[in-house]
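S.K.: First the structure, which I've put down as C-alpha cells, then a few questions once you've had a look.
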Amino acid sequence: MSVSETTPSIDHYSNLFQTFETGLNGGSDHAIHDVRRAALEALRREGFPTRRDEAWRHTNPAPISSGLFGPVDAPRPDDGTLSTWTVAGLTEGARLVFINGKFDESASRLPDTPHGVRIRRLSQAIANGDAAVASFLGRIASSEEGGLAALNTAFIDDGALIAVESGIDYTTPVEIIYLTTPGEQATLVTPRTLVVAAQGSRLQLVETFVSLGEGEHLTAPVTEISLGDEARVEHTRIQNDTHQGHHASLLFVNEAQDSNFTSHSLGLGGGFVRNDVTTVLAGERIESTLNGLFLSRGEEHVDNYTSIEHAAPGCESHELYKGVLADKSHGVFRGKIHVHQIAQQTDAYQSNQNLLLGDDAEIMSKPQLEIYADDVKCSHGSTTGELDEQAIFYLRARGIGEAAARRVLTRAFADELVERISHDAIRAHVEALVTQRLDQLLDSGE
Amino acid sequence: MPEPSSQAAPLSDTEVLEEFAQREYKEGFVTDVETDSAPPGLNEETIAFISAKKQEPEWLLEWRLKAYRQWLTMEDPTAQKASQRWAMVQYPEIDYQAISYFSAPKKALNSLDEVDPEILETYNKLGIPLQEQMMLAGVAVDAVFDSVSVATTFKDKLAELGIIFCSFTEAVHNHPDLVQKYLGSVVPTNDNYFAALNCAVFTDGSFVYIPPGVRCPMELSTYFRINAANTGQFERTLVVADEGAYVSYLEGCTAPMRDENQLHAAVVELVALGDAQIKYSTIQNWYPGNAEGVGGIYNFVTKRGACRGDRSKISWTQVETGSAITWKYPSCILQGDDSVGEFYSVAVTSGKQQADTGTKMIHLGKNTKSTIISKGISAVEGQNTYRGAVQIMKKATDSRNFTQCDSMLIGDQCGAHTFPYITVRNASSTVEHEASTSKIGEDQIFYCNQRGLSTEDAVSMIVNGFCKEVLAELPMEFAVEATKLLGISLEGSVG
C-alpha cells in the first residue's frame with residue numbers, strides 16, 4: 001500500500017471524526033467511543049484497500065478510497081418512493097427506516113415486542129447501555145478487517161439493534177430500510193446493524209439499502225450477526241444504488257454450534273457496488289447457506305465477495321451466486337471456502353453461474369477452495385455463458401416468440417434464488433423487484 | 001489365496017505414512033566434475049561474463065542487460081506484504097548475490113565419445129543411456145548437464161527434414177535470425193521477476209525449429225540435471241513450429257541430493273504458426289528436500305506458448321512430483337482463430353513440498369477452445385494449489401473452455417487449494433469450471449484389501465486411476481516413467 005495515495009482521504013476522515021466527536025454531546029464518554037477511536041486508529045494505520053490487495057484485484061477501490069465523502073442531511077422522500085422498497089405483505093412487524101443514517105420516525109413502526117425481543121435504534125441501545133452492544137458491537141466485524149470496516153465503526157451513530165433472547169421463536173420479520181439521498185456534496189452514510197440471536201432462538205429479517213436521486217455518495221454499511229447454539233436466522237438483503245452511487249457493504253456472521261444461517265443477497269446494481277459476506281462457522285454441526293443474485297446494466301460495476309470459514313468439524317455450507325449482466329456492466333464473484341485442519345467432515349459446496357446478456361458485459365469469477373483437512377467433501381463450480389439455444393428453440397417450436405422465450409428462461413435462471421426465500425411476503429416482494437429489473441435488462445439488450 | 005504381502009501384519013496408516021515420509025530420494029547422488037564457474041554475484045559484469053563466455057552477438061548482450069535493468073526495478077515476491085501476496089508458497093528470501101550464475105563442464109565436446117565418462121555414468125544411473133536410446137527408442141536427446149549441452153543425437157536425421165534441434169548457444173551462433181525473431185516474443189523480458197532474471201543470466205537450453213509442413217518423426221527430448229552446488233539453473237527453451245508443422249517435445253528432470261536450496265528459473269517459449277501443433281510434455285522429479293524440507297529445489301518456471309496462427313494447437317502435459325517448491329503456470333495464448341490450448345497436469349506434494357501450479361488460457365481469436373485437466377495429490381504435509389486463469393477476451397466470440405480440477409488428500413496435515421480466475425468478456429462464449437476434493441477412503445482400501453490387494457497396491461491403483469486422464473496424454477515411454485514415478489512418490493501413503 002502506498003500511504004501517500006490515500007492520505008488526503010484519511011486526513012479528511014480524521015477531521016470529520018473530530019467534528020463528529022464534538023457533536024456527540026457527552027456521548028463520547030461512553031465505552032463505545034473507545035471502539036470508535038480504535039477504529040479511526042486502525043483506519044489511519046491500515047488505510048483503505050488498494051488494487052494491489054488480492055481481495056481488490058478485480059475492483060479498483062480508488063473511487064471509494066480517494067473520494068472525500070461526508071455526512072449530509074436529507075429531506076424525507078415521498079411515500080411513493082418509500083413504498084417501492086417496503087415489503088407490502090408485512091403490515092405488523094417492526095420497521096426501522098433511516099435516511100442518510102438518521103432515524104425517520106414517521107416512516108418507521110416500532111410495535112411492542114414480546115418479552116425477550118429487543119428491536120431498537122442502535123443509538124438508544126448505546127445510550128441505555130444495552131448488554132448486546134457491549135458484548136458484540138465491533139466484535140464480529142473487527143476494525144482490523146480492513147479500512148471499510150474501520151470507517152463504518154469510527155462513525156457509528158445510529159442503526160438497528162435486534163436481540164432475541166434464548167429459546168424465543170420470533171417469526172415476525174423485522175424490516176430495516178436504509179435510504180441514501182445524496183446532497184450537493186459527496187455524501188457519506190455509514191449505517192450499522194447488530195443482530196444477536198441467542199441460544200435456540202429464531203429470527204427473520206430484511207435489510208434494504210437504496211439510494212435515490214442525483215449526486216455522488218458512498219454508502220458503507222456494516223451488519224453484524226451473532227448466532228448462539230441452535231439459533232436460526234434468515235437474512236434477506238436488498239441493495240439498489242444509483243449510477244452515481246458507491247456502495248461498499250460488509251456482512252459479518254459468527255455462528256455457534258448447531259446453528260443455521262441463511263443469507264439471501266439481492267443486488268440490483270449501482271455505479272460501484274461491492275458486497276462482502278463473511279461467515280465464521282465456529283461450532284460443530286452448523287449449516288450455513290449463502291444465496292446471491294446480482295443484476296447489473298449500463299456501466300455498473302458489481303463485486304460480490306464471500307468468505308466461509310469452516311473452523312469446526314461436521315459443518316455444512318452451501319453457496320449459490322448467480323449473475324445476470326446486461327449492457328456494458330461488469331460483474332465480479334469471488335468466493336472463498338476455507339476449511340481449517342480441525343474441520344474434518346466438512347461438507348461444502350460452492351457454485352457461481354453467470355448469464356451475459358450483452359457482448360459488452362463482463363464477468364470475473366473466482367471461486368476458491370482452501371482446504372487443510374482431509375476427511376472433507378468440498379467442491380465448487382463456475383459457469384458463464386448465454387441462454388441455451390436448444391431451450392429457446394424448444395419454446396419457439398411451441399409458438400412462443402424469441403423475445404418472450406428469452407424472458408422466460410432468464411426469469412427461470414433468477415427464480416432459483418428467489419424461490420429459496422422461505423417467507424411468503426418477502427419472497428413476493430423480491431420477486432416483484434427481480435421481475436421489474438430483469439425486464440429492464442432484457443429491454444435494454446434488445 | 002491372498003497375496004503373501006497381505007498375510008503379513010498390515011501396516012497401520014501411521015506406519016505407512018512414516019515410511020513414506022522417510023523415503024530417501026532415489027535419484028540422489030553427486031557427480032564430481034570440475035566446473036568452470038563464475039564467482040557468485042549478480043551485476044552487469046556477471047552478465048557480460050556469461051555473454052562473453054558464450055561468444056554471443058552484441059544484440060543478445062543488450063537484450064540481457066535490458067532484462068537485468070528491468071529486473072532491478074521489479075519487486076521480489078517474498079518482499080510483498082501479506083494482503084498483496086497471491087501465491088500459496090512460502091520460502092526464505094533468496095540472496096541473488098550468493099548464486100553463481102555460470103557453470104559449465106570444462107571440456108568442449110563434439111561427439112558422444114568425448115562425453116566425460118562420469119557424466120555418462122550419471123545418465124546410466126538415471127536409466128537414460130544415450131547410446132541405447134539412439135539405437136532403440138528413436139529419441140533424439142539434447143542432454144543438458146548443468147548449463148551446457150553435452151551431447152546431441154540424431155541431428156543428421158533431423159537436419160535432412162530441415163528440422164533444427166540444438167542447444168540454445170548453437171542456435172544463437174548458427175540461426176541468429178530465427179532466435180532474434182522469436183526470443184522473448186512470447187515471454188517478454190519484464191514478464192515477471194523470475195523470467196526477467198532468466199533473460200538476464202540464462203546460460204543454455206534448447207532450440208527447436210520445425211519448417212513448414214514437416215511432421216517431426218520422433219519425440220524430441222531433453223534431460224535437465226542440476227549438478228554443481230550453489231548454481232542456479234537458468235535454462236531457456238524456444239520451440240517454433242512453422243505453418244502446418246508438428247512436434248512433440250519431452251522434458252524430464254532429476255537432480256542429485258543437495259543441502260542448499262537451489263533456484264531454478266527457466267523460461268520456455270513455444271510458437272505455433274498456422275495449423276501447427278506443439279505437444280510439450282514434462283516430468284519433473286527434482287530433489288524435494290529431506291524429511292524436514294531442507295535442501296529442495298525451487299522450481300520457479302515461466303512456460304508459455306503462443307498459438308499465433310489459425311487452427312494451431314499447443315498442448316501442455318506435466319507430471320510434477322519433485323522440487324521443494326513448484327511455481328509454474330504453463331500457458332497458452334490463443335491468438336489465431338479456431339486455435340486450441342490444452343493443459344493436463346498431475347502434481348504431487350508430499351513431505352513439506354509446496355506446489356502452486358496451473359495454467360493460463362488467454363482466448364483472443366474467434367472460436368478458440370481450451371481444456372484444463374488438473375489432478376493434485378497432497379500427502380503428509382504437502383501443500384498443493386491449483387491456480388488457473390481463463391480469459392475470454394471481447395473478440396474471442398464463440399469460444400469455449402472446460403476446466404476440471406480434482407484434489408486428493410492423503411493424511412490430515414496436508415492441504416489442497418483451488419483458485420481459478422475466470423474472466424468472460426463476450427456473451428457467445430461458454431466457460432465451465434468444476435473442482436472437487438476427496439480423500440482415499442478407508443472403505444476403498446478395505447474393499448481392495450478384501451480382494452487380495454495389498455494396501456500399497458490399492459493406493460497405487462486408486463491414484464493411477466485418479467490421474468488416468470492426464471497420464472493418457474503422455475507419449476508412451478513417458479507414460480511408463482510417470483506411472484513408475486507416481487508409484488514411488490506415493491509409496492505407502494494411505495489416508
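Please note that chains go A, B, ... in the order of the C-alpha cells, that every chain numbers its residues from 1, and that ligands are numbered from 1 in the order shown.
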With a cut-off of 7 Å and counting only C-alpha atoms, select all residues of chain B in contact with chain A and give the selection as number ranges by chain.
M.R.: B: 83-86, 409-439
S.K.: Go through stretch 57-157 of chain A and collect every residue that DSSP, computed from the backbone, puts in helix (DSSP H, G or I); the answer should be as number ranges by chain.
M.R.: A: 62-65, 79-85, 122-127, 131-136, 143-145, 147-154
S.K.: Now that the selection is made, can you save its residues with N, CA and C atoms as a tab-separated table (two decimals), in the first residue's frame?
M.R.:
chain	number	residue	atom	x	y	z
A	62	ALA	N	-10.23	2.68	-5.80
A	62	ALA	CA	-9.90	4.11	-5.81
A	62	ALA	C	-11.12	5.04	-5.68
A	63	PRO	N	-12.24	4.74	-6.38
A	63	PRO	CA	-13.37	5.67	-6.26
A	63	PRO	C	-13.86	5.83	-4.82
A	64	ILE	N	-13.73	4.76	-4.01
A	64	ILE	CA	-14.18	4.92	-2.62
A	64	ILE	C	-13.04	5.31	-1.69
A	65	SER	N	-11.81	4.90	-2.04
A	65	SER	CA	-10.71	5.19	-1.11
A	65	SER	C	-10.20	6.61	-1.27
A	79	ASP	N	-43.82	9.28	-0.10
A	79	ASP	CA	-44.30	7.96	0.32
A	79	ASP	C	-44.29	6.94	-0.81
A	80	GLY	N	-44.47	7.43	-2.04
A	80	GLY	CA	-44.49	6.52	-3.18
A	80	GLY	C	-43.15	5.81	-3.32
A	81	THR	N	-42.08	6.59	-3.21
A	81	THR	CA	-40.74	6.02	-3.32
A	81	THR	C	-40.52	5.00	-2.21
A	82	LEU	N	-40.93	5.40	-1.02
A	82	LEU	CA	-40.72	4.54	0.13
A	82	LEU	C	-41.47	3.22	-0.03
A	83	SER	N	-42.68	3.29	-0.59
A	83	SER	CA	-43.49	2.07	-0.66
A	83	SER	C	-42.91	1.05	-1.65
A	84	THR	N	-42.10	1.51	-2.62
A	84	THR	CA	-41.46	0.55	-3.52
A	84	THR	C	-40.55	-0.38	-2.74
A	85	TRP	N	-39.95	0.17	-1.70
A	85	TRP	CA	-38.91	-0.58	-1.01
A	85	TRP	C	-39.35	-1.22	0.29
A	122	LEU	N	-30.04	1.74	17.29
A	122	LEU	CA	-28.74	1.45	17.88
A	122	LEU	C	-28.30	2.58	18.82
A	123	SER	N	-28.63	3.83	18.44
A	123	SER	CA	-28.23	4.97	19.27
A	123	SER	C	-28.85	4.87	20.66
A	124	GLN	N	-30.11	4.44	20.72
A	124	GLN	CA	-30.77	4.29	22.02
A	124	GLN	C	-30.15	3.15	22.81
A	125	ALA	N	-29.88	2.05	22.09
A	125	ALA	CA	-29.29	0.89	22.76
A	125	ALA	C	-27.94	1.27	23.37
A	126	ILE	N	-27.16	2.08	22.63
A	126	ILE	CA	-25.86	2.52	23.13
A	126	ILE	C	-26.07	3.40	24.37
A	127	ALA	N	-27.01	4.37	24.26
A	127	ALA	CA	-27.26	5.30	25.36
A	127	ALA	C	-27.76	4.57	26.60
A	131	ALA	N	-26.76	-4.57	26.92
A	131	ALA	CA	-25.68	-5.57	27.09
A	131	ALA	C	-25.18	-6.10	25.75
A	132	ALA	N	-26.08	-6.21	24.78
A	132	ALA	CA	-25.70	-6.76	23.48
A	132	ALA	C	-24.65	-5.87	22.80
A	133	VAL	N	-24.79	-4.57	23.00
A	133	VAL	CA	-23.85	-3.63	22.39
A	133	VAL	C	-22.45	-3.86	22.94
A	134	ALA	N	-22.39	-3.94	24.28
A	134	ALA	CA	-21.08	-4.12	24.92
A	134	ALA	C	-20.44	-5.45	24.50
A	135	SER	N	-21.28	-6.50	24.37
A	135	SER	CA	-20.70	-7.81	24.09
A	135	SER	C	-20.38	-8.05	22.63
A	136	PHE	N	-21.13	-7.43	21.74
A	136	PHE	CA	-20.98	-7.82	20.33
A	136	PHE	C	-20.57	-6.72	19.35
A	143	SER	N	-12.52	-3.94	13.41
A	143	SER	CA	-11.93	-2.85	12.61
A	143	SER	C	-10.62	-3.28	11.97
A	144	GLU	N	-10.07	-4.39	12.47
A	144	GLU	CA	-8.83	-4.91	11.88
A	144	GLU	C	-9.11	-5.60	10.55
A	145	GLU	N	-10.40	-5.77	10.23
A	145	GLU	CA	-10.77	-6.44	8.98
A	145	GLU	C	-10.51	-5.57	7.75
A	147	GLY	N	-9.99	-1.28	6.00
A	147	GLY	CA	-10.34	0.13	6.04
A	147	GLY	C	-11.84	0.41	6.06
A	148	LEU	N	-12.63	-0.41	5.33
A	148	LEU	CA	-14.05	-0.12	5.25
A	148	LEU	C	-14.76	-0.44	6.56
A	149	ALA	N	-14.39	-1.53	7.19
A	149	ALA	CA	-14.97	-1.88	8.49
A	149	ALA	C	-14.60	-0.78	9.49
A	150	ALA	N	-13.35	-0.32	9.41
A	150	ALA	CA	-12.88	0.71	10.33
A	150	ALA	C	-13.62	2.03	10.10
A	151	LEU	N	-13.84	2.38	8.83
A	151	LEU	CA	-14.54	3.63	8.52
A	151	LEU	C	-15.93	3.62	9.12
A	152	ASN	N	-16.67	2.53	8.90
A	152	ASN	CA	-18.02	2.44	9.43
A	152	ASN	C	-18.01	2.53	10.96
A	153	THR	N	-17.09	1.76	11.57
A	153	THR	CA	-17.07	1.68	13.03
A	153	THR	C	-16.70	3.03	13.64
A	154	ALA	N	-15.78	3.74	13.02
A	154	ALA	CA	-15.37	5.04	13.55
A	154	ALA	C	-16.56	5.99	13.60
S.K.: As a list in words, please: the residues near B:Glu269 (cut-off 8 Å, only C-alpha atoms, same-chain neighbours under 4 positions excluded).
M.R.: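 Once the adjacent positions are removed, what remains is Leu183, Gly184, Val186, Val187, Thr237, Leu238, Val239, Lys303, Arg304, Gly305 and Ala306 of chain B.
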S.K.: What's the 6 Å shell around stretch 232-236 of chain B, counting only C-alpha atoms, without same-chain residues fewer than 3 positions away, as a list in words?
M.R.: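 Near stretch 232-236 of chain B, the qualifying residues are Asn198, Phe202, Asp204, Gly205, Gln262, Leu263, His264, Ala265, Ala266, Val267 and Val268 of chain B.
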S.K.: Any chance you could export the current selection's N, CA and C atoms as a PDB file, in the first residue's frame?
M.R.:
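The result, stored in selection-v5.pdb:
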ATOM      1  N   ASN B 198      15.877 -14.731 -15.539  1.00  0.00           N
ATOM      2  CA  ASN B 198      16.308 -15.711 -16.530  1.00  0.00           C
ATOM      3  C   ASN B 198      16.837 -15.028 -17.792  1.00  0.00           C
ATOM      4  N   PHE B 202      20.449 -16.318 -18.398  1.00  0.00           N
ATOM      5  CA  PHE B 202      20.312 -17.698 -18.879  1.00  0.00           C
ATOM      6  C   PHE B 202      21.621 -18.154 -19.519  1.00  0.00           C
ATOM      7  N   ASP B 204      22.076 -21.691 -21.035  1.00  0.00           N
ATOM      8  CA  ASP B 204      21.863 -22.501 -22.231  1.00  0.00           C
ATOM      9  C   ASP B 204      20.463 -23.079 -22.182  1.00  0.00           C
ATOM     10  N   GLY B 205      20.182 -23.955 -23.112  1.00  0.00           N
ATOM     11  CA  GLY B 205      18.862 -24.530 -23.187  1.00  0.00           C
ATOM     12  C   GLY B 205      18.719 -25.207 -24.527  1.00  0.00           C
ATOM     13  N   GLN B 262      18.253 -24.699  -4.130  1.00  0.00           N
ATOM     14  CA  GLN B 262      18.733 -24.264  -5.420  1.00  0.00           C
ATOM     15  C   GLN B 262      17.591 -23.667  -6.208  1.00  0.00           C
ATOM     16  N   LEU B 263      17.878 -22.523  -6.738  1.00  0.00           N
ATOM     17  CA  LEU B 263      16.856 -21.825  -7.504  1.00  0.00           C
ATOM     18  C   LEU B 263      16.921 -22.266  -8.954  1.00  0.00           C
ATOM     19  N   HIS B 264      15.771 -22.587  -9.484  1.00  0.00           N
ATOM     20  CA  HIS B 264      15.715 -22.907 -10.891  1.00  0.00           C
ATOM     21  C   HIS B 264      14.653 -22.014 -11.519  1.00  0.00           C
ATOM     22  N   ALA B 265      15.075 -21.120 -12.380  1.00  0.00           N
ATOM     23  CA  ALA B 265      14.122 -20.196 -13.004  1.00  0.00           C
ATOM     24  C   ALA B 265      14.267 -20.307 -14.513  1.00  0.00           C
ATOM     25  N   ALA B 266      13.593 -21.269 -15.083  1.00  0.00           N
ATOM     26  CA  ALA B 266      13.686 -21.490 -16.525  1.00  0.00           C
ATOM     27  C   ALA B 266      12.601 -20.698 -17.247  1.00  0.00           C
ATOM     28  N   VAL B 267      12.823 -20.500 -18.527  1.00  0.00           N
ATOM     29  CA  VAL B 267      11.779 -19.914 -19.366  1.00  0.00           C
ATOM     30  C   VAL B 267      11.616 -20.805 -20.594  1.00  0.00           C
ATOM     31  N   VAL B 268      10.390 -21.156 -20.891  1.00  0.00           N
ATOM     32  CA  VAL B 268      10.099 -21.946 -22.084  1.00  0.00           C
ATOM     33  C   VAL B 268       9.116 -21.154 -22.942  1.00  0.00           C
TER      34      VAL B 268
END
S.K.: Select, from A:His235, A:Glu316, A:Phe209, A:Asn304, the residue with the minimum atom-to-atom distance to A:Asp258, counting only C-alpha atoms.
M.R.: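 The answer is A:Glu316, which sits nearest to A:Asp258.
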S.K.: List the spatial neighbours of A:Ser201 as a ChimeraX atom specification - criterion: any atom at most 6 Å away, only C-alpha atoms, same-chain residues fewer than 5 positions off excluded.
M.R.: /A:166-169,231
S.K.: I need the residues from that last selection saved to file as an mmCIF file, in the first residue's frame (with N, CA and C atoms), if you can.
M.R.:
data_model
loop_
_atom_site.group_PDB
_atom_site.id
_atom_site.type_symbol
_atom_site.label_atom_id
_atom_site.label_comp_id
_atom_site.auth_asym_id
_atom_site.auth_seq_id
_atom_site.Cartn_x
_atom_site.Cartn_y
_atom_site.Cartn_z
ATOM 1 N N SER A 166 -32.675 -16.273 24.513
ATOM 2 C CA SER A 166 -32.629 -17.702 24.218
ATOM 3 C C SER A 166 -34.013 -18.349 24.193
ATOM 4 N N GLY A 167 -34.163 -19.247 23.260
ATOM 5 C CA GLY A 167 -35.377 -20.045 23.145
ATOM 6 C C GLY A 167 -36.552 -19.329 22.507
ATOM 7 N N ILE A 168 -36.398 -18.048 22.161
ATOM 8 C CA ILE A 168 -37.557 -17.324 21.623
ATOM 9 C C ILE A 168 -37.628 -17.466 20.106
ATOM 10 N N ASP A 169 -38.815 -17.868 19.681
ATOM 11 C CA ASP A 169 -39.041 -18.084 18.261
ATOM 12 C C ASP A 169 -39.805 -16.872 17.742
ATOM 13 N N ALA A 231 -29.357 -21.551 17.174
ATOM 14 C CA ALA A 231 -30.160 -20.420 16.689
ATOM 15 C C ALA A 231 -30.372 -20.557 15.186
#
S.K.: I'd like the interatomic distance between atom CA of A:His58 and atom CA of A:Asp303, to a tenth of an Å.
M.R.: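 We find that atom CA of A:His58 and atom CA of A:Asp303 lie 8.2 Å from each other.
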